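J.: This is the structure I want to talk about, given as structure tokens.
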Amino acid sequence: MQSMPFQIDIPRDWIIEAEVWQLVTLLVMAGAIAFGLYGWNAAVQQRSTGRGLPGWLRWAMGLMRFIALGIIGFLLIEPLIRSTEYDEEKPIAILLVDESASILSRTEHSTADTINSWSKAIMEDLIDRGLDVERYGFASHLRPIVSVDSAFRWDGSQTNLNEAIRTLNPRIENRNVAGIVLASDGLINRGASPVYGVQWPNLPVWAVGLGDTSAVRDRWINSVNHNAVAYLGNAFPVQAFIESQGMEGRAGQLEVVHNGNVIARKSWKTVSNSERTKIELMLNAESTGLQKYLLRIAVTNGEYDISNNQRTLYIDVLESRRVIACIGAAAHPDLGAIRMALESMESYQVKAFDIASLRNPNDLTDALNQADLVIAHNLLGKRWGGMEWSKLLAMNNLPIWWLAADESTWNALQDYNELGVQMSVSSDLIQTHQTRLNPSFASLEWPEGLAEAIRKWPPILGPFEQMTWSPAWSTLANRQFGDVETNDAFWGLRGSSSGSKQILSIGEGFWRWRMRNFAESQSHELFDIFIQRQVQFLAAEDLRKRLVVQTEKRVGADQRMTFRAQAFDAAWTPMRDANIELKLTDEEDQVFTRTMLPATRGFVADFGRMPAGTYEWEASSTLDGTSFDTNGLVIVEDTQIERTHAAAHLDILDQVAQNTGGSFLGYWKDTEITAAGDAIEATGMPSVIRHENTQLREAIDWRFFLILALTLLTIEWIVRRRNLGY
């Protein structure tokens, strides 16, 4: 049927809330006005100009005026038009492909193009069956592939299926998903086990094997466990896990080389065809500084690849650990959360004391004499050995983190104190509040995502009173009540220009932050960094520099090497127009240079992904006519976990498929293009979901009414002018 050249879509579902008497009144008024203009006694005879109106035209004019006024009056009572739209959601198939380097490590380069063509053919087959297809690649994280022309790439340096699924789950939640087609070699080396630890969505998984399933004769260092820090004169452990394949009955030897000399050697004999051997060594730290150790396996005849027979380690040898005296008036979960956050800092030793259950006071005295900094929980206003804690710690000029978490410490802040923080005296009420990091706080650099996460973490329980901080303090965090942001500081930091460096946090309950951080991301990383960087600030030597450059001391070969910097003028105000040159030198004296670019806070430079090795960096700038420079080291570590030559582990894919209600379709070269589509149809293709969307809009938005009324009034006006005159 051909459509009409002019077609009006008339709404059929009206909602009119006006009373009947209102509608009747509206019609009567419109009729009265029309009759008054064009009725029997209306003055519609011929005037000075015009020809007058014949009877039929007069009635037509009256009808037009009646309809136009009726439409306008009808719109004034605000009727509504209810419209219903239907949106169809087709079933979706998720194509999830492993993009780690192990997929192609034992194949020809052209295999990449072949697998890409194979995956596109699967996608087209699924689309032909009425499915929408979404493609994702994964290695260390999930990578959505939006463009149809984009291809998979196999350059990932690790395989973390758990992270990929964790990111995928919210993307497909409450959607019409038919299932997941997973293509991988099953060699998972990061994150939870795909069989037991990954939280798979309630969807069937159809698995396809990639990689090389054939076994080759090879031996390689799979992983090495070691401390990042050691101490002069001490022995430190090194564990090397060596994989052997096709080496049954052959001997192996591991050597450790330091400064060109072999300092340790250990031999073993491979018993089975496929074997994992753990070699444990104890090495002596004989000199301070960054020490380089080379672990290498003696080459065996017939090895497939000898490039994976060695691994380089970097150990930072220090003279001694820095001591943190963690002292609490009584046991408290906040203090426990801080201690757990500091456990991963190998260059620090935490000595914890509970005053309420302290048996030997001499142990605490010795710890204070050795301490580089003190964490004092609920000690404000309290005494020990006849002296207030604030005066006792001031005698040693130690950096201190004061935690005021109970009413006794809050009362101490209401009185005069040496901290320069005064709490108002009003009531004994307490309140809960959220935390908002001060966005202008520049003394510490926070990791990305911390400011947003900390706002959502559980509230802090603190005093109702207001705090007045002296100018020596910098606000680290403010109170927030729901969506209301305040400038009421409850967490502050004081630099050494006003005495020893100190931090004061008022309130309790941030042990819940650590629990929430793990519940949200299966990691304590954000909370731990939040605590660790404050402790590092306290423990750092007070060398105030006008040019400050920060970077991670160790990065992986798959991570980008980035630098951040701040420059200050003579009044210690951050500068925005500084010209900072950054030079990076590798072990072969090859130099890479960057000019640091202005960023939200300070300046930034990105060198991208760099090869494994040790890099020396030097930054220089001229500030107010004076030259400044700073330097340091960066270690790029190559884990080599994707350059092993283990055969594809397809049994894992089979287990995942069986556990989720799907099936293992086979190795990709032996699997028909239609296999995934056939499997989805065999388990029951989901129906198209029809979403109903009901909208209410005012009748005045339907322009036909206004156009009709305006047209009628226009015609009436023209006719009156032509026939009745002026």
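Going by the structure tokens order, chains are called A, B, ..., each with residues numbered from 1, while ligands are numbered from 1 in the order shown.
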Using only C-alpha atoms, determine which residues lie at most 12 Å from Val484 in chain A, disregarding the query and same-chain residues fewer than 4 positions distant; provide the list as a PyMOL selection string.

T.: chain A and resi 433-436+455+478-480+488

J.: Using C-alpha atoms, can you write the selected residues to a file as a CSV table (one decimal), in the first residue's frame?

T.:
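Once written, again34.csv looks like this:
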chain,number,residue,atom,x,y,z
A,433,HIS,CA,30.1,12.1,58.1
A,434,GLN,CA,31.5,11.1,54.7
A,435,THR,CA,35.1,12.0,53.7
A,436,ARG,CA,36.0,14.4,50.9
A,455,ARG,CA,33.5,9.5,49.2
A,478,ASN,CA,36.9,17.7,54.9
A,479,ARG,CA,33.6,16.5,56.2
A,480,GLN,CA,30.8,15.7,53.8
A,488,ASP,CA,35.1,21.5,57.9

J.: Taking 3 positions as the minimum chain separation for residues in the same chain, which residues sit within 8 Å of range 83-87 of chain A when counting only C-alpha atoms? Answer as an NGL selection string.

T.: :A and (11 or 13 or 690-696)

J.: Using only C-alpha atoms, please write the residues we just selected to a file, as an mmCIF file, in the first residue's frame.

T.:
data_model
loop_
_atom_site.group_PDB
_atom_site.id
_atom_site.type_symbol
_atom_site.label_atom_id
_atom_site.label_comp_id
_atom_site.auth_asym_id
_atom_site.auth_seq_id
_atom_site.Cartn_x
_atom_site.Cartn_y
_atom_site.Cartn_z
ATOM 1 C CA PRO A 11 -3.309 10.488 18.955
ATOM 2 C CA ASP A 13 -5.182 7.916 23.919
ATOM 3 C CA ARG A 690 9.950 -6.060 23.515
ATOM 4 C CA HIS A 691 10.313 -3.068 25.816
ATOM 5 C CA GLU A 692 7.242 -0.889 26.253
ATOM 6 C CA ASN A 693 7.882 2.783 26.866
ATOM 7 C CA THR A 694 4.891 4.911 27.826
ATOM 8 C CA GLN A 695 5.194 8.682 27.595
ATOM 9 C CA LEU A 696 2.839 11.475 28.592
#

J.: Which one of A:Glu672, A:Asp629, A:Thr409, A:Leu379 sits closest to Lys583 in chain A if you count only C-alpha atoms?

T.: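 Among A:Glu672, A:Asp629, A:Thr409, A:Leu379, it is A:Asp629 that comes nearest to Lys583 in chain A.
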
J.: In range 135-339 of chain A, what's alpha helix (DSSP H) per DSSP? Answer as a list in words?

T.: Leu161, Asn162, Glu163, Ala164, Ile165, Arg166, Thr167, Leu168, Asn169, Pro170, Arg171, Ile172, Pro333, Asp334, Leu335, Gly336, Ala337, Ile338 and Arg339 of chain A

J.: Go ahead and write the selection's residues with C-alpha atoms as a compact mmCIF listing (two decimals), in the first residue's frame.

T.:
# COMPACT_ATOMS: atom_id res chain seq x y z
CA LEU A 161 40.58 -13.59 32.93
CA ASN A 162 39.20 -12.72 36.36
CA GLU A 163 39.68 -8.99 35.75
CA ALA A 164 38.09 -9.28 32.30
CA ILE A 165 34.97 -11.01 33.64
CA ARG A 166 34.72 -8.62 36.59
CA THR A 167 34.68 -5.70 34.15
CA LEU A 168 32.33 -7.45 31.73
CA ASN A 169 29.65 -8.33 34.30
CA PRO A 170 28.22 -4.81 34.80
CA ARG A 171 28.21 -4.27 31.03
CA ILE A 172 25.88 -7.21 30.37
CA PRO A 333 40.42 -1.93 64.67
CA ASP A 334 41.59 1.40 63.17
CA LEU A 335 45.07 0.73 64.51
CA GLY A 336 44.93 -2.80 63.13
CA ALA A 337 43.95 -1.52 59.69
CA ILE A 338 46.94 0.84 59.68
CA ARG A 339 49.32 -1.93 60.71

J.: Which residues are close to Ile454 in chain A, i.e. within 8 Å by only C-alpha atoms, leaving aside same-chain residues fewer than 2 positions away? Reply as a list in words.

T.: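 Those residues are Thr435, Arg436, Leu437, Leu450, Ala451, Glu452, Lys456, Trp457 and Trp513 of chain A.
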
J.: If you keep N, CA and C atoms, can you produce a file of those selected residues as a PDB file, in the first residue's frame?

T.:
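And here's again_5.pdb as it stands now:
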ATOM      1  N   THR A 435      33.738  11.416  53.804  1.00  0.00           N
ATOM      2  CA  THR A 435      35.050  12.049  53.677  1.00  0.00           C
ATOM      3  C   THR A 435      35.246  12.586  52.265  1.00  0.00           C
ATOM      4  N   ARG A 436      35.704  13.822  52.184  1.00  0.00           N
ATOM      5  CA  ARG A 436      36.034  14.428  50.885  1.00  0.00           C
ATOM      6  C   ARG A 436      37.474  14.918  50.938  1.00  0.00           C
ATOM      7  N   LEU A 437      38.328  14.314  50.115  1.00  0.00           N
ATOM      8  CA  LEU A 437      39.722  14.759  50.060  1.00  0.00           C
ATOM      9  C   LEU A 437      39.789  16.186  49.533  1.00  0.00           C
ATOM     10  N   LEU A 450      41.115   7.328  43.980  1.00  0.00           N
ATOM     11  CA  LEU A 450      40.987   7.342  45.439  1.00  0.00           C
ATOM     12  C   LEU A 450      39.971   8.383  45.894  1.00  0.00           C
ATOM     13  N   ALA A 451      40.027   9.593  45.327  1.00  0.00           N
ATOM     14  CA  ALA A 451      39.122  10.658  45.765  1.00  0.00           C
ATOM     15  C   ALA A 451      37.667  10.263  45.567  1.00  0.00           C
ATOM     16  N   GLU A 452      37.361   9.614  44.430  1.00  0.00           N
ATOM     17  CA  GLU A 452      35.983   9.191  44.183  1.00  0.00           C
ATOM     18  C   GLU A 452      35.591   8.036  45.100  1.00  0.00           C
ATOM     19  N   LYS A 456      32.592   7.321  48.807  1.00  0.00           N
ATOM     20  CA  LYS A 456      31.579   6.271  48.895  1.00  0.00           C
ATOM     21  C   LYS A 456      31.838   5.297  50.036  1.00  0.00           C
ATOM     22  N   TRP A 457      33.016   5.387  50.627  1.00  0.00           N
ATOM     23  CA  TRP A 457      33.340   4.464  51.710  1.00  0.00           C
ATOM     24  C   TRP A 457      32.531   4.793  52.954  1.00  0.00           C
ATOM     25  N   TRP A 513      36.870   1.258  55.886  1.00  0.00           N
ATOM     26  CA  TRP A 513      37.310   1.628  54.542  1.00  0.00           C
ATOM     27  C   TRP A 513      38.086   0.490  53.901  1.00  0.00           C
TER      28      TRP A 513
END
